[in-house]
Structure formats: structure tokens, C-alpha cells
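One structure is given below, encoded as C-alpha cells.
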Amino acid sequence: MRKNLSWRKGLALGAVATLVVGVTAACGSSGGSDTAQKSLGKNDTLTITTFGDFGYGDLIKKWNADPDRPFKVHETQIAEWDTWKQTLTSDLQAGTGLTDIVAIEGDAMPQFLADGASDQFVDLSDSSLDNRWVDYKAKAGQTTDGKQIGYPTDAGPEAVCYRADLFKKAGLPTDRAQVAKLFDTWDDYFKTGQEFVKKVPGTKWYDSSGSIAQAMLNQAKYPFQTKDQKVDVDNPDLKQVYDTVAKYADTLSTKAVQWSDDWQANFTDNGFATMPCPGWMFANIKSSAPKVKGWDIADAFPGGGGNWGGSFLAVPTQSKHQDEAKQFANWLTDQAQEVGAFEKAGAYPANIAAEEQLSKSAKPDPYFNNAPTAQILANRAKAVEPDLPFKGDKYSDILGLFQTAIQRVDEGKSPESSWKTFVQAVSQLS
Amino acid sequence: MTRTSRTGPGFLVYGLLAAFFVGSAFPLYWSFVIGSVTRQRAGENPPPLTPGGHFFENAARVFDRIDFWSALANSVIVSGVSAFSVVLFSTLAGYSFAKLRFRGANAAMVFVILTMAVPTQLALIPLLKEFSNLGLTGTHAAVILPWLVTAFGVFFMRQYLVDAIPDELIDAARVDGCSMIRTFWTVAVPAARPAMAILGLFTFMQVWTDFMWPLLVLQGSDVQTLQTALDQLKIAPGQGLSDMALLQAGTILATVPLLLLFIATGRQLVAGIMQGAVKG
Amino acid sequence: MSDHAPATLGGTGRTSTSRSGQAPPAGVPSPDHRDMRRTPARLTLRQRLSRWDMKVSPYLYVLPFFLVFLVIGLYPMVYTGYLSFFSWPRFGAGHGPWVGWENYSHVLKDPVFHKAFWNTIGIFLLSSVPQVIVATVVAALLDTNLRGRTWWRMSVLLPFVVAPAAAALIFGALFADKSGLVNDVLSGIGLPTVQWHANRPASWLAIATMVNWRWTGYNALIILAAMQAIPRDLYEAASIDGASRVKQFLFVTLPSIRPTMIFVIITSTIGGLQIFTEPRLFDTNLQHQGGSSYEYQTLTMYVFNTANSSTNPYPRAAAAAWILFLIIVAFALVNFAITRAVQKRSHA
């Protein structure tokens with residue numbers, strides 16, 4: 001009886017499996033579905049997905065309210081980039097399901113520019129848009145062969161936010177122009193930090209080892225990959241960043257992971273005195289520490305400039321309305337709209353004209369001791385070197401592994417063993 | 001269902017259960033506490049531990065931010081249909097496996113159990129492709145279809161029914177000339193009621209709290225479930241930190257229907273159907 | 001008898017003895033007691049219909065499951081199996097050339113995979129075992145003459161209505177390495193604090209706590225339902241024989257709920273080995289690696305992360321998923337064998 005059963009089971013399974021494989025083989029291999037373009041009428045809808053708050057709500061409302069609009073727009077908002085990235089990845093691999101425009105987070109952009117991935121997006125190149133955005137941001141949305149995959153929505157030029165009240169306690173200058181002089185080079189920055197922690201025990205110098213490591217390595221030319229995309233992490237530039245951050249982990253860093261509960265708690269219990277500060281971080285500080293008085297912003301960044309984040313709008317080839325999508329992405333990243341998004345959501349523009357407009361009308365921010373935030377950010381954006389660092393196709397992956405290596409050191413592992421684990425993990429990437 | 005032979009439980013039993021209750025209920029309670037204070041208070045340290053008086057304000061802000069009622073209706077539809085379908089088909093299949101003899105039953109049952117071992121994460125891409133080809137994305141059906149009947153349900157029903165229905169009852173019904181389906185209806189279903197109630201409840205709750213799948217198949221459409229709608233509450237206008245008071249008020253609002261369902265299902269669960277069936 | 005899955009899955013003597021006398025070998029024209037009363041030569045239409053009904057109905061009842069499974073389960077499974085032998089450019093919409101077993105060997109050689117395997121086993125043991133035991137005890141407590149029974153019973157399900165993300169928020173606050181409540185308490189009573197996210201066994205314990213919190217009541221209710229179906233006269237007989245409460249539990253309750261216990265053990269084995277939500281929500285590592293040294297990365301997290309990696313993401317994840325499937329099946333079979341052996345011994 002047992003034989004009989006397993007024989008039957010085998011046969012049935014085999015039959016079903018053959019059937020399914022047949023179906024699969026028939027529809028499996030080619031993902032290039034037909035994307036016959038359909039033009040949109042006035043009452044047809046173009047779709048867009050963003051994550052977090054891009055500040056597009058009112059802009060789209062205005063667009064839809066215009067009787068002369070060429071089409072309507074519907075925005076899907078997903079709260080977190082992680083969730084959205086997962087959906088985006090699934091939809092790209094399934095070859096279906098995406099909206100006409102998709103938003104992509106800045107640090108993740110390099111992987112979407114790689115061969116294979118970039119074929120999934122429409123080339124948005126348009127010579128009339130030359131010099132619309134800051135150079136480094138426009139380039140960050142391009143493939144090596146010059147296809148423009150994404151239009152930059154915002155930029156993350158970094159300044160240094162600091163606690164003037166704690167600086168005073170340590171006997172350091174508190175005025176933002178004088179503080180800026182302390183942050184000329186990384187050596188200056190760390191030296192001041194060592195003085196600081198001696199005077200104010202219990203408070204660390206910076207918010208996390210990770211944010212400092214990222215800022216430093218972004219000033220290197222080829223931190224992870226050579227020009228021809230070859231992975232090379234055993235290079236002196238990267239090793240130097242690693243060694244420096246590891247060296248100061250105990251004395252200067254809170255050793256908390258960014259965004260963790262412990263990191264968050266440090267905002268309210270004087271956990272640290274300085275942090276790298278892209279424009280979007282301002283809102284974060286305000287809502288993390290609404291009652292803390294003493295935050296200020298220095299118009300400086302150690303070792304030159306730095307950029308952290310800032311997103312892009314891209315049009316997947318899945319879209320059946322590519323022309324309209326391009327048109328609308330163009331509109332959203334134009335001067336007026338980037339200014340509008342900044343006012344709504346604090347996303348500092350990548351659009352040069354928008355930056356200039358904001359810095360002319362610079363409003364002082366009372367929370368940050370009346371710092372002229374927009375003007376500081378405009379200066380910081382100019383300091384960013386457009387070609388640093390080279391971001392290869394595995395940039396985001398290796399950056400993640402590198403940050404994790406730093407985290408291990410923060411947690412007490414020896415820097416040598418952590419580095420070994422890092423090199424091993426990088427070798428698994430290919 | 002009176003159990004005269006067993007006296008009421010003592011202090012110890014109540015004590016243990018009360019401890020278990022506190023542990024079970026605390027997060028929900030805390031969620032309510034955060035949902036009932038102001039945004040500022042919710043972010044302060046130490047966190048509030050007793051409810052404030054701002055729940056209705058927060059709730060009003062939830063209704064303002066998202067289309068709560070339409071999301072609620074969608075969630076009720078997908079969870080309700082799924083629960084009904086899972087209960088119906090699982091009971092049928094479980095009954096068949098437990099009480100009816102047919103060739104290949106053993107192998108089929110083992111197969112059902114093994115299907116539970118299939119990791120679900122990877123199914124997303126082929127399923128998405130399949131559903132998109134069938135034109136199901138953006139519809140209720142896309143959310144419901146994977147939940148029509150589950151291996152968990154079939155296995156559960158089989159294990160429950162194998163002892164819960166004495167074979168004599170089935171034989172008696174068959175001798176009376178009942179058709180198979182009538183036997184199922186008059187003998188199996190009454191005996192299975194407590195298990196059906198549990199299975200229905202579990203399924204309803206699972207579909208109700210599911211997030212990733214509805215997000216994937218409903219993306220870009222106007223159909224939203226409560227979970228995908230609640231996700232929007234995490235977005236802090238102007239970036240910064242999420243508004244925890246708003247978020248938790250939304251969570252509580254989305255939980256109330258489940259609590260109501262608890263109360264409705266609870267009675268089903270407690271009613272001891274079996275005793276009556278055996279004697280009658 | 002032992003050849004029947006029903007027996008292995010725990011049909012107790014109470015029903016199976018009566019069944020083995022009556023059950024016809026499936027499908028074979030049966031010497032059913034009704035047939036014996038009639039002349040076998042001529043069957044009325046009604047009889048033929050009835051016989052057909054008997055033959056077909058069992059299949060008909062299980063058919064919906066298999067149809068749904070074909071579309072929802074089998075198709076994706078076979079599809080991923082097929083793709084696990086190909087390359088696939090990242091974010092591409094279709095696979096590249098055939099690579100043979102390369103994806104499998106990549107996964108099997110990956111030290112992170114090995115670590116994930118042991119993490120999964122560790123978390124599984126710390127969660128499933130205590131969970132089943134506590135659930136059984138709680139079910140037994142609930143199966144008494146409580147005042148306000150319905151309320152007590154429903155209350156154990158409360159953790160299940162809390163959205164996992166909301167629960168994660170609370171457990172995050174409890175187990176934060178520096179600012180967490182548990183560490184506050186530990187240092188308050190003079191004990192050393194614990195690095196919940198960097199210490200491997202401690203992270204397993206924290207995650208197991210989250211898992212147990214969520215699933216114990218759920219399993220308790222399943223077990224309770226089975227306890228409810230035990231005929232009360234069994235207890236009466238036992239108590240007349242002078243058996244204590246504990247003895248009644250061991251010798252009446254436990255044997256009677258064996259099929260459901262097997263169900264709970266098997267489902268929590270399978271579920272335990274697929275553990276994903278809790279460790280992922282517990283994770284503070286920004287790359288979701290399950291701790292900076294992969295302290296609590298589980299196998300399903302490995303599959304998930306592989307699906308987002310840079311080389312052949314989907315096929316490698318598919319290979320990992322198939323390996324995971326085989327691991328789970330192996331575990332389920334071992335479980336099965338043990339349960340069966342225990343059962344045989346208790347029958348003897």
C-alpha cells in the first residue's frame with residue numbers, strides 16, 4: 001500500500017510540475033513586456049510614488065486644480081524608503097506594477113545606474129536642462145555613458161550642527177563664524193573634540209561613528225571601486241578613514257547607531273555636541289529635541305564639502321506614459337516647485353535657481369540661534385566637489401558593509417577582526 | 001456545559017492568568033496611552049504611562065489625514081471574505097482528511113503540511129507577475145486570493161476533527177440516507193464550530209494586519225487597506241520625527257474592530273457544542 | 001494501522017479502533033453494511049448516485065485547497081526553483097544565462113549563511129519549546145470553571161491584535177542597549193547591563209521574548225479548543241477513581257488532545273524556522289544584517305537580504321529559499337519521527 005501511494009504521489013506531482021514548468025517557461029524569460037505608449041487626456045491620470053515627505057501634496061493639488069492641465073496626477077506616499085525600495089525592487093524584477101514616476105533615494109541611486117538596472121529606466125536627458133541643478137547632483141543621476149536616469153529633487157550639502165551651550169561649558173568659542181574656523185580640516189575637528197571631552201565629561205563629541213565615517217570617505221576619490229568598477233576596498237584612503245574613526249570611537253563617539261533608540265535618546269540627554277548636518281537633518285533635530293536650547297549651525301565642513309542624501313525622480317520603462325512622466329518630473333524639479341517643496345517639507349533644493357532664490361530671501365531660523373540656514377546650505381553646496389567620490393555600481397552595498405564594520409568596532413570588537421569580516425563580506429558581493 | 005464535578009479554580013489560577021493578562025495587554029494599553037496624549041508629551045522622556053485626554057483630538061487628526069472609513073471598509077471586505085473562505089474550505093478539506101477514506105489521503109495530507117514549509121518571501125515576485133497578467137492588481141481580489149484556503153487551516157481542522165467527531169455519528173447520518181454534503185453539514189459543522197470560530201478569528205486578524213502584500217498589489221490604486229493607509233501616518237510633514245500620538249491613535253482605531261470581533265467570536269468559542277451533539 | 005498518516009498525526013484509540021473495523025479501503029467497491037443487506041447485482045439510480053457521492057466527495061472537498069495552492073504556492077515555488085539556476089542582472093526584469101549549481105554553492109559556502117543557520121536554531125529553541133509548554137499550561141488554566149471565562153480567553157489573544165510594528169516599538173524601548181528599560185532595571189538592582197544587540201545569546205533571548213509574547217496566547221487558544229472537545233465524562237470517571245487535578249491533566253487531558261498538540265508542535269516548528277518579523281524589527285543595524293556581526297540574522301532574513309544583494313539577487317535568494325525549504329522539511333520529518341516514537345511507546 002505504501003508503495004502504491006508514493007508511486008501515485010510521484011506521478012501526480014510530476015504531472016503538476018511539468019504543467020507549471022511549461023507555463024513558467026512560456027512566460028518566464030523575457031521581461032520586456034510591451035509598453036505601447038498611450039498619451040494621456042485631460043482627465044487621465046499620471047501616477048507617482050514618493051517616500052517620506054517630498055512636500056508635493058499642495059503642488060499636485062494645484063496642478064490638478066488647473067483647468068488647463070494636460071493630465072491629472074495621483075501621488076502614492078509610502079512612509080519609509082526601506083519599504084518602498086522593497087516594493088520597487090520586486091516590481092522591477094517582476095517587470096510590472098510601478099507607477100509612471102518613482103522617487104529614488106540619493107545614496108541608493110548608484111545601484112540603479114548599473115548595467116542592467118539602468119535599462120529599466122527611461123533616459124531623461126534634455127539639453128535644455130543643462131545647469132539646472134548643482135553639478136554634483138545632476139551627475140549623481142547619470143550613468144557612466146551619460147544617460148540621465150534621475151532628475152534631482154533635493155540635495156544634502158552638509159554643514160556642522162553644534163550645541164553652543166555645551167561649547168561654552170568647554171570654554172570653546174560659541175559664535176558660528178568662529179566655530180567654523182575650528183572645523184577646517186578633520187584633524188582640527190578631532191583635536192577640538194579631544195579638548196571638548198576633557199572639559200565636559202559625559203558628553204561625546206559627535207553623534208555617531210557612522211555619520212563621520214561616511215562624511216570622510218565621501219571626500220576620497222575611489223573609496224570602494226576603481227574607475228572600471230573593480231571592487232578594491234584594501235586601499236590606503238579607505239583604510240585611513242577606518243583607522244581614524246576606530247581610533248576615536250572610545251573617546252569621541254557616542255557609539256550609537258544612527259536612528260536607533262539610543263541615538264535618539266542622546267538628543268535630549270546632552271549625549272553629544274556636534275553632528276554632520278544636511279538640510280533635512282534640521283527638522284530632525286528640532287523634533288528630537290524641541291526643548292533643548294543652544295543648537296546652532298556652523299558654515300563649515302571638515303576637509304571640504306560633503307553631501308548626504310537628496311533624492312531623484314525616475315521614469316521606469318514599464319510606464320505607458322513616458323513622455324508625460326518626463327514632463328511632470330521636469331515640472332516638479334523646476335525652480336518654483338523645488339522652492340515650494342522646501343517650504344513645505346524642508347527638502348533643500350538641488351535646483352540652482354531655487355537655491356539662489358532661497359539664499360536671497362534667507363530667513364533666520366530662531367531654533368538655530370537665528371542662523372541663516374538657506375544661505376549656509378547654499379555655501380555648503382558650492383563646497384561639494386562634483387567628482388568625489390567615485391560611486392561605482394556597488395557603492396551603496398559596500399557603504400552599508402563599511403558602516404556595519406564601524407558599528408562592530410563601536411560595540412567593542414577589535415578593529416582588525418572587524419576589518420577582516422568586512423573584506424570577507426565585500427568578497428561575497430560578487 | 002456545567003462542570004459540577006470540578007470545583008471553581010482557586011486564587012492561584014486567577015493570579016497566574018492575571019499576570020499573563022498584564023503582559024499580554026500592556027503594549028496595547030501603552031499604545032492607547034501614547035494615542036491619548038499630545039504630540040509633545042508623546043515624545044518626552046520619561047514616557048507617559050497613564051492616558052491623557054486627547055484621544056479624540058488625535059483621532060480627528062487621523063480622520064483628517066487619511067481616508068479612514070474607506071480603508072476600514074476595504075479591510076472588512078478582504079478580511080471578512082478571506083476568513084469566511086478559509087473556514088469553509090479548510091473545514092471541508094479537514095473533514096475529508098480526518099473522517100473520509102480516500103485513496104492518496106495520506107500522501108496528500110503530508111503534502112499539505114509540507115506546503116507550509118515553503119518560504120513566502122520569494123513568492124512575491126512570481127505572484128506579482130501572475131496577478132498583474134491576470135489584471136488583478138489594484139483590486140480586492142488580489143489581496144484575498146492568497147487567503148482563500150490555507151494549509152494551516154486544513155491541517156488545523158483535520159487535527160481538531162479527527163477526535164471531535166465520533167465515527168458513529170457519521171455512520172448514523174449515512175444510514176439515515178444523508179448525502180455526503182448533508183452529513184458534513186449536520187454532523188461535522190456543529191462539532192467543528194469552536195475550531196471554526198478560532199480559525200476564522202485568526203485568519204481575519206492575519207489579513208487585517210498584513211502590510212507588505214497589500215502594499216505591493218494595491219500600489220498606485222485608490223483601494224487601500226487600513227494597514228497601508230496607516231503607513232501614511234508615519235510620514236512627518238516637513239520630515240523630522242513621526243507624530244507618535246497620531247500614529248498610535250490610528251493604530252488603536254484600527255484595532256477597535258478586531259476587539260469587537262473578539263467579543264462576537266468569544267461566545268462561539270465557549271459554547272460547548274460537542275456534548276450536545278454526542279447526546280443528541 | 002501505523003501506515004496511516006491519521007494514526008501518525010494522532011488519531012487516538014478512541015476513534016480509530018471503531019474506524020478500522022468500518023473503514024473500507026478507499027475507492028474499492030466497499031463491502032459497506034448497507035450493500036450487504038441488498039442484492040449486489042442491481043443497483044438503483046439512487047444507490048449509484050450515493051456510491052458516486054461517496055467516492056467523489058472526499059476529493060471534491062480537498063480540491064479547493066489544491067487549486068489555490070497550485071496558483072499561489074506551487075507555481076511560485078517551481079518558478080523560483082527554475083530561476084535558481086540562472087544569473088540575473090540586478091533590478092533586471094528577466095534572467096540571464098544558465099549558471100548551473102553556482103547559486104547553491106555560493107549560498108552554502110557563505111559564512112553568513114552558516115551563522116544564520118545556527119541563529120535560527122538558537123532562536124527557535126528559545127521560543128518554540130517554552131512557548132508550547134506555557135501555552136499548554138495557560139490553556140489548562142483557561143479550561144477551568146473561571147468567572148468571566150470568555151474575557152479571560154479572549155485576553156490571551158491581545159498580543160496578536162497589536163500590529164508587529166507597534167510591538168517592536170515597545171520591545172525596542174525595553175531592550176535598547178543603553179537607554180532601555182530592562183537595562184535600567186538590571187543596573188537598578190546592581191546587576192551588570194546587557195548588550196542586547198551585540199551579545200549573540202542575549203539577542204536571541206530578546207527576540208525569543210518578542211516571539212513568545214506574540215504567539216503563546218495564540219497557541220493556547222488552539223490547545224484550549226481541543227481541550228473543550230474532551231468529553232466531560234472522562235474527567236468524571238477519573239475523579240471518581242480519585243485522580244488529582246494534575247493526574248487528570250497528565251492522563252486524561254494530554255492524551256486526548258494529542259492530534260492538536262502535534263499540530264501545534266509542527267506548525268510552531270515550521271513557523272519558528274521561518275522567523276523573520278521579530279528579528280527584523282529588533283534589528284538596529286542599518287543594513288538589516290541582524291546585528292553588526294550577524295548575531296541574530298535568521299535564515300529567512302538571509303533569503304530576504306540576498307534578494308536585495310548586488311549579484312544575481314533573485315536566483316541566489318531562490319537557491320537559499322530552496323535550501324531553507326529542505327532544512328525545514330528535514331526538521332519536520334525528525335519531529336514527526338520523534339512524535340511517532342513517543343506515541344508508539346505510550347500506546348504499548
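By convention here, the chains of the C-alpha cells are called A, B, ... in the order presented, each chain's residues are numbered starting at 1, and ligands are numbered starting at 1 in the order presented.
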
Check: which chain A residues lie within 8 Å of chain B using only C-alpha atoms, as a PyMOL selection string: chain A and resi 5-6+8-9+47-49+52-53+55+74-80+87+90-91+93-99+280-288+344-346

Save out the residues we just selected, C-alpha atoms, as a short mmCIF file (atom, residue, chain, number, x, y, z; two decimals), in the first residue's frame.
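Result file follows (part_34.cif):
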```cif
data_model
loop_
_atom_site.label_atom_id
_atom_site.label_comp_id
_atom_site.auth_asym_id
_atom_site.auth_seq_id
_atom_site.Cartn_x
_atom_site.Cartn_y
_atom_site.Cartn_z
CA LEU A 5 0.75 5.65 -2.60
CA SER A 6 4.17 7.03 -3.22
CA ARG A 8 0.76 7.82 -7.27
CA LYS A 9 2.02 10.81 -5.40
CA THR A 47 0.86 58.20 -11.18
CA ILE A 48 3.85 58.90 -8.98
CA THR A 49 5.21 57.24 -5.84
CA GLY A 52 8.53 60.09 3.37
CA ASP A 53 7.55 63.67 2.71
CA GLY A 55 6.32 68.18 0.05
CA HIS A 74 -2.13 60.86 -8.39
CA GLU A 75 0.58 60.55 -5.75
CA THR A 76 1.13 57.43 -3.63
CA GLN A 77 3.09 58.17 -0.48
CA ILE A 78 4.94 55.42 1.32
CA ALA A 79 6.32 56.28 4.73
CA GLU A 80 9.76 54.73 4.57
CA THR A 87 8.38 47.26 -3.44
CA SER A 90 10.04 43.48 -6.59
CA ASP A 91 8.23 45.46 -9.25
CA GLN A 93 12.13 42.27 -11.26
CA ALA A 94 8.54 41.34 -11.98
CA GLY A 95 8.61 43.84 -14.84
CA THR A 96 5.29 45.27 -13.79
CA GLY A 97 3.43 47.21 -11.14
CA LEU A 98 5.28 50.51 -10.94
CA THR A 99 3.82 53.98 -11.17
CA TRP A 280 16.96 67.65 6.07
CA MET A 281 18.56 66.94 9.43
CA PHE A 282 17.38 70.31 10.77
CA ALA A 283 13.79 69.15 11.13
CA ASN A 284 15.02 66.00 12.77
CA ILE A 285 16.95 67.89 15.42
CA LYS A 286 14.01 70.18 16.11
CA SER A 287 11.56 67.37 16.61
CA SER A 288 14.00 65.18 18.55
CA LYS A 344 6.62 72.51 2.76
CA ALA A 345 8.97 69.70 3.68
CA GLY A 346 12.42 71.19 4.23
#
```

Could you pull out all residues of stretch 240-410 of chain A with a DSSP call of alpha helix (DSSP H) and give them as a ChimeraX atom specification? /A:240-252,261-268,279-288,322-332,335-345,352-360,373-383,395-410

Closest atom pairs, chain A residues within 6 Å of chain C, only C-alpha atoms, as a tab-separated table:
```
residue	atom	partner	partner_atom	distance
A:Ser29	CA	C:Gly94	CA	5.6
A:Ser30	CA	C:Gly94	CA	5.5
A:Gly31	CA	C:Gly94	CA	4.7
A:Leu92	CA	C:Phe91	CA	5.6
A:Gln93	CA	C:Ala93	CA	4.3
A:Ala94	CA	C:Ala93	CA	5.9
A:Gly95	CA	C:Ala93	CA	4.9
A:Gly116	CA	C:Gly92	CA	5.5
A:Ala117	CA	C:Phe91	CA	4.9
A:Ser260	CA	C:Thr284	CA	5.9
A:Asp262	CA	C:Ser179	CA	5.7
A:Gly400	CA	C:Gln287	CA	5.9
A:Thr404	CA	C:Ser292	CA	5.4
A:Arg408	CA	C:Ser292	CA	5.6
A:Ser430	CA	C:Thr311	CA	5.5
```

Would you save the residues of that selection, restricted to C-alpha atoms, as a CSV table (one decimal), in the first residue's frame?
```csv
chain,number,residue,atom,x,y,z
A,29,SER,CA,12.4,34.5,-19.7
A,30,SER,CA,11.7,37.8,-21.4
A,31,GLY,CA,10.7,40.6,-19.0
A,92,LEU,CA,11.4,46.0,-11.3
A,93,GLN,CA,12.1,42.3,-11.3
A,94,ALA,CA,8.5,41.3,-12.0
A,95,GLY,CA,8.6,43.8,-14.8
A,116,GLY,CA,21.0,46.1,-16.4
A,117,ALA,CA,19.3,48.2,-13.8
A,260,SER,CA,18.4,53.7,16.9
A,262,ASP,CA,19.9,55.1,21.9
A,400,GLY,CA,26.5,49.6,4.1
A,404,THR,CA,28.5,47.9,9.8
A,408,ARG,CA,31.2,46.4,15.2
A,430,SER,CA,30.2,39.4,-6.4
```

Restrict the distance test to only C-alpha atoms, flag each residue of chain C within 6 Å of chain B, and return the flagged residues as a count of residues only. 18

Contacts of stretch 199-206 of chain A within 6 Å, only C-alpha atoms, excl. fewer than 4 positions in-chain, as JSON, numbers by chain: {"A": [170, 193, 252, 253, 254, 271, 272, 273, 274, 275]}

Taking the DSSP secondary structure from the backbone, can you list the residues of stretch 225-332 of chain A that are strand (DSSP E), as a PyMOL selection string? chain A and resi 272-278+295-298+312-314

Leaving out B:Ser79 and any residue of its chain fewer than 4 positions from it, which residues lie within 10 Å of it when counting only C-alpha atoms, given as a list in words? Ala73, Asn74, Ser75, Ala83, Phe84, Ser85, Val143, Ile144, Trp147, Gly200, Leu201, Thr203, Phe204, Met205, Gln206, Val207, Trp208, Thr209, Asp210 and Thr225 of chain B

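For stretch 375-381 of chain A, the residues within 7 Å (counting only C-alpha atoms, excluding itself and residues fewer than 6 positions away along the chain) are Pro157, Glu158, Ala159, Gly279, Asp299, Gly305, Glu355, Ser359 and Ala362 of chain A.
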
Do you know which residues are at most 10 Å from A:Val179 counting only C-alpha atoms, after dropping those on the same chain fewer than 3 positions away, and could you put them as an MDAnalysis selection string? chainID A and resid 160 162 164 167 172:176 182:184 296:300

Across C:Ile262, C:Thr209, C:Gly190, C:Tyr218, the smallest distance to C:Ala337, with only C-alpha atoms counted, is shown by C:Ile262

Would you pick out the contacts of C:Gln248 at 10 Å or less, using only C-alpha atoms, so that residues sharing its chain but fewer than 6 positions from it are not included, and give the list as a list in words?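 Counting only C-alpha atoms, the residues come to Leu234, Tyr235, Glu236, Ala237, Ala238, Ser239, Gly242 and Leu254 of chain C.
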